[in-house]
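Student: Here it is, the structure, as structure tokens.
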Amino acid sequence: MLNEAQCARYQRDGYIVIPGFKSAAQVAAVRARAAQIVDQFDPGQGSSIFTTQDQATTTDAYFLGSDNTIRCFFEEEAFDAEGRLRQDKSLSINKIGHALHDLDPVFERFSRDPQLAAVARDLGLTDARVWQSMYIFKQPGIGGEVRWHQDATFFETTPISVTTFWFALEDATIENGCLWVEPGGHRGPLRERFVRSGADIKMEKLDATPWPDDSVAVPLEAAAGSLVCFHGLLPHYSAPNRSPVSRHAYTLHATDGRSAYSPHNWIQRDAGFPARGFD
Ligand code: FE2
């Protein structure tokens, strides 16, 4: 699927952008399905970012319980001081996660196709295991910033194998909060590890290497339908969306089944619900 030049670029830079990977119809199908999921979502049921007591526990339990389900999460700035939505629910959701690819037929079709399986193989995932899917809205005006991080922080394997598949479902631009990456930064160390122990989660510092200066970051503007693939160690961030247009994207995170998946990763599967590949 990928030619030699693309593979070489991925090795060198830690990422590649493949324009036109998904058709307009495929993109439209998942966008419509996401809108339906949000429409059917009742914010009264436990998701509340605005609970007055025990907020951290409630939020964590809702988050941790989403590893093998489909749940909606609000933008941090979605609510006013009285806990009311500032704008319509459809414009207030930050993301849907984290098992859309296994539990929703529309997202499963989008997430599993021979071309994607071929790309994953070309990038070194001989025995891909897709652990997570996220539909990210990056809402107009309130879409939050995501600071520098490495996705391997959340998917530790030995050796490190996690690879991110990021689909632009709308044109991602500098204005609406596209990805920014440090080209070649995937050759640096893993800085942090997100560790789960039962109901507890914490971020562990592994390496003191500082995050790159924003001045070295390169924006990955990508037209709707593009696929961006990047290495789990590649430092990246996305700026807040202060523009009037949203920036929907869909992401998949996959590891290689030949590597050892850490029992401390927050997403775990049992034998009855194994992580599968792209086929
Ligand atoms: Fe990320």
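Residues in the structure tokens are named by chain (A, B, ... in the order shown) and by number from 1 within that chain; ligands are numbered from 1 in the order shown.
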Residues within 8 Å of ligand 1 should be enumerated using only C-alpha atoms and all ligand atoms and returned as a short mmCIF file (atom, residue, chain, number, x, y, z; two decimals) with N, CA, C and O atoms, in the first residue's frame.

Tutor:
```
data_model
loop_
_atom_site.label_atom_id
_atom_site.label_comp_id
_atom_site.auth_asym_id
_atom_site.auth_seq_id
_atom_site.Cartn_x
_atom_site.Cartn_y
_atom_site.Cartn_z
N VAL A 146 -4.65 20.38 23.38
CA VAL A 146 -4.03 19.17 23.92
C VAL A 146 -2.53 19.39 23.82
O VAL A 146 -1.98 19.47 22.73
N HIS A 149 2.50 15.63 24.00
CA HIS A 149 2.50 14.31 24.63
C HIS A 149 2.93 13.28 23.59
O HIS A 149 3.10 13.61 22.41
N GLN A 150 3.12 12.05 24.06
CA GLN A 150 3.41 10.91 23.18
C GLN A 150 2.32 9.87 23.43
O GLN A 150 2.00 9.58 24.59
N ASP A 151 1.78 9.30 22.39
CA ASP A 151 0.68 8.37 22.60
C ASP A 151 1.13 7.07 23.27
O ASP A 151 0.32 6.38 23.90
N THR A 164 -0.41 5.43 15.80
CA THR A 164 -1.67 6.17 15.76
C THR A 164 -2.13 6.35 14.32
O THR A 164 -1.34 6.70 13.44
N HIS A 236 3.62 15.33 19.95
CA HIS A 236 2.65 16.10 19.15
C HIS A 236 1.70 16.84 20.07
O HIS A 236 1.58 16.50 21.25
N TYR A 237 1.03 17.83 19.52
CA TYR A 237 0.00 18.56 20.28
C TYR A 237 -1.00 19.14 19.30
O TYR A 237 -0.78 19.11 18.08
#
```

Student: Tell me, as a list in words, which residues lie within 10 Å of region 108-111 of chain A, counting only C-alpha atoms; anything in the same chain fewer than 4 positions away does not count.

Tutor: Lys22, Gln26, Val27, Ala29, Val30, Ala99, Leu100, His101, Asp102, Leu103, Asp104, Leu116, Ala117, Val130, Ser133, Phe165, Tyr250, Thr251, Leu252, Gly277, Phe278 and Asp279 of chain A

Student: Between A:Arg147, A:Leu206, A:Ile142, A:Phe107, single out the one closest to Phe79 (chain A), counting only C-alpha atoms.

Tutor: A:Ile142

Student: Could you jot down the CA of Phe73 (chain A) to CA of Val106 (chain A) separation for me, Å, one decimal place?

Tutor: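 Answer for the CA of Phe73 (chain A) to CA of Val106 (chain A) separation: 19.8 Å.
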
Student: Find the residues around region 242-244 of chain A up to 8 Å (only C-alpha atoms counted), leave out those fewer than 4 positions away in its own chain, and share them as a list in words.

Tutor: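 Skipping anything fewer than 4 positions along the chain leaves Pro140, Gly141, Ile142, Gly143, Glu175 and Asn176 of chain A.
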
Student: Please determine, counting only C-alpha atoms, which residue among A:Pro189, A:Tyr135, A:Leu85, A:Asp80 has the shortest atom-to-atom distance to Ile37 (chain A).

Tutor: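 Looking at the shortest contact to Ile37 (chain A), the residue is A:Tyr135.
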
Student: Which is closest to Pro240 (chain A) among A:Arg9, A:Arg121, A:Lys202, A:Lys138, if we use only C-alpha atoms?

Tutor: A:Lys138

Student: Need the shell around Asp214 (chain A): protein/DNA/RNA residues with any atom at most 12 Å away, counting only C-alpha atoms. Skip same-chain ones fewer than 6 positions apart. Format as a list of chain:residue names?

Tutor: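 Answer for this query is A:Arg147, A:Trp148, A:Trp180, A:Val181, A:Glu182, A:Pro235, A:His236, A:Tyr237, A:Ser238, A:Ala239.
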
Student: Tell me, in Å to one decimal, how far CA of Ile96 (chain A) is from CA of Arg247 (chain A).

Tutor: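 Separation between CA of Ile96 (chain A) and CA of Arg247 (chain A): 14.1 Å.
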
Student: Which one is closest to Asp42 (chain A): A:Cys229, A:Ala61, A:Cys72, A:Ala81? Count only C-alpha atoms.

Tutor: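 Among the listed residues, A:Cys72 lies closest to Asp42 (chain A).
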
Student: Between CA of Ala152 (chain A) and CA of Ser226 (chain A), what is the distance in Å, rounded to a tenth?

Tutor: 22.4 Å

Student: Here is a test: counting only C-alpha atoms, which residue of A:Asp200, A:Ser246, A:Arg12, A:Val218 is nearest to Leu91 (chain A)?

Tutor: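 Smallest distance to Leu91 (chain A) is found for A:Ser246.
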
Student: Pick out each residue of region 124-155 of chain A that DSSP on the backbone tags as strand (DSSP E); I need them as an NGL selection string.

Tutor: :A and (128-136 or 146-149)

Student: Just checking: using only C-alpha atoms, which residue out of A:Ile93, A:Gln87, A:Tyr62, A:Arg276 ends up closest to Asp39 (chain A)?

Tutor: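 Using only C-alpha atoms, Asp39 (chain A) sits closest to A:Ile93.
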
Student: Run DSSP on the backbone and give me the residues of region 15-149 of chain A it puts in helix (DSSP H, G or I), as number ranges by chain.

Tutor: A: 24-40, 55-64, 76-78, 89-91, 100-103, 105-111, 114-122

Student: What's around Leu220 (chain A) at 10 Å? Count only C-alpha atoms, leave out sequence neighbours fewer than 5 positions away in its own chain, and write the answer as a ChimeraX atom specification.

Tutor: /A:15-17,172-174,177-181,228,238

Student: Limited to all heavy atoms, could you put the picked residues into a file as a CSV table (one decimal), in the first residue's frame?

Tutor:
```
chain,number,residue,atom,x,y,z
A,15,TYR,N,6.1,10.2,11.0
A,15,TYR,CA,4.7,10.3,10.6
A,15,TYR,C,4.7,10.4,9.1
A,15,TYR,O,5.7,10.7,8.4
A,15,TYR,CB,4.1,11.6,11.2
A,15,TYR,CG,4.7,12.9,10.6
A,15,TYR,CD1,4.2,13.5,9.5
A,15,TYR,CD2,5.9,13.5,11.2
A,15,TYR,CE1,4.7,14.7,9.0
A,15,TYR,CE2,6.4,14.6,10.6
A,15,TYR,CZ,5.9,15.2,9.5
A,15,TYR,OH,6.4,16.3,9.0
A,16,ILE,N,3.5,10.1,8.6
A,16,ILE,CA,3.2,10.4,7.2
A,16,ILE,C,1.7,10.8,7.0
A,16,ILE,O,0.9,10.5,7.9
A,16,ILE,CB,3.3,9.2,6.2
A,16,ILE,CG1,2.7,7.9,6.8
A,16,ILE,CG2,4.8,8.9,5.8
A,16,ILE,CD1,2.5,6.8,5.7
A,17,VAL,N,1.5,11.6,6.0
A,17,VAL,CA,0.1,12.1,5.7
A,17,VAL,C,-0.3,11.5,4.4
A,17,VAL,O,0.4,11.6,3.4
A,17,VAL,CB,0.0,13.6,5.6
A,17,VAL,CG1,-1.4,14.1,5.4
A,17,VAL,CG2,0.6,14.2,6.9
A,172,ALA,N,-8.5,19.8,8.4
A,172,ALA,CA,-7.9,20.3,9.6
A,172,ALA,C,-6.9,21.3,9.2
A,172,ALA,O,-6.0,21.1,8.4
A,172,ALA,CB,-7.1,19.1,10.3
A,173,THR,N,-7.0,22.5,9.8
A,173,THR,CA,-6.1,23.6,9.5
A,173,THR,C,-5.5,24.2,10.7
A,173,THR,O,-5.9,23.9,11.8
A,173,THR,CB,-7.0,24.7,8.8
A,173,THR,OG1,-7.9,25.3,9.8
A,173,THR,CG2,-7.8,24.2,7.6
A,174,ILE,N,-4.6,25.1,10.5
A,174,ILE,CA,-3.9,25.8,11.7
A,174,ILE,C,-5.0,26.6,12.4
A,174,ILE,O,-5.0,26.6,13.7
A,174,ILE,CB,-2.8,26.8,11.2
A,174,ILE,CG1,-1.7,26.0,10.6
A,174,ILE,CG2,-2.4,27.7,12.3
A,174,ILE,CD1,-0.6,26.8,10.0
A,177,GLY,N,-7.2,24.1,14.7
A,177,GLY,CA,-6.6,23.2,15.6
A,177,GLY,C,-6.1,21.9,15.1
A,177,GLY,O,-6.3,20.9,15.7
A,178,CYS,N,-5.3,22.0,14.0
A,178,CYS,CA,-4.7,20.7,13.4
A,178,CYS,C,-3.6,20.2,14.4
A,178,CYS,O,-3.2,20.9,15.3
A,178,CYS,CB,-4.2,21.0,12.0
A,178,CYS,SG,-2.7,22.1,12.1
A,179,LEU,N,-3.1,19.0,14.0
A,179,LEU,CA,-2.0,18.5,14.8
A,179,LEU,C,-0.7,19.2,14.5
A,179,LEU,O,-0.5,19.7,13.4
A,179,LEU,CB,-1.8,17.0,14.4
A,179,LEU,CG,-2.8,15.9,14.8
A,179,LEU,CD1,-2.4,14.6,14.0
A,179,LEU,CD2,-2.7,15.7,16.3
A,180,TRP,N,0.1,19.3,15.5
A,180,TRP,CA,1.5,19.8,15.3
A,180,TRP,C,2.5,18.7,15.8
A,180,TRP,O,2.2,18.1,16.9
A,180,TRP,CB,1.7,21.1,16.1
A,180,TRP,CG,0.9,22.3,15.7
A,180,TRP,CD1,-0.4,22.4,15.8
A,180,TRP,CD2,1.4,23.4,15.0
A,180,TRP,NE1,-0.8,23.7,15.2
A,180,TRP,CE2,0.3,24.3,14.7
A,180,TRP,CE3,2.7,23.8,14.6
A,180,TRP,CZ2,0.4,25.5,14.1
A,180,TRP,CZ3,2.8,25.1,13.9
A,180,TRP,CH2,1.7,25.9,13.7
A,181,VAL,N,3.5,18.5,15.1
A,181,VAL,CA,4.4,17.4,15.5
A,181,VAL,C,5.9,17.9,15.5
A,181,VAL,O,6.2,18.9,14.9
A,181,VAL,CB,4.3,16.2,14.5
A,181,VAL,CG1,2.9,15.6,14.5
A,181,VAL,CG2,4.8,16.6,13.1
A,228,VAL,N,-3.5,10.4,8.7
A,228,VAL,CA,-2.2,10.7,9.3
A,228,VAL,C,-1.8,9.5,10.1
A,228,VAL,O,-2.6,9.1,11.0
A,228,VAL,CB,-2.2,12.0,10.1
A,228,VAL,CG1,-0.8,12.3,10.7
A,228,VAL,CG2,-2.8,13.2,9.3
A,238,SER,N,-2.1,19.6,19.8
A,238,SER,CA,-3.0,20.4,19.0
A,238,SER,C,-3.5,21.6,19.7
A,238,SER,O,-3.7,21.5,20.9
A,238,SER,CB,-4.2,19.5,18.4
A,238,SER,OG,-5.0,19.2,19.5
```
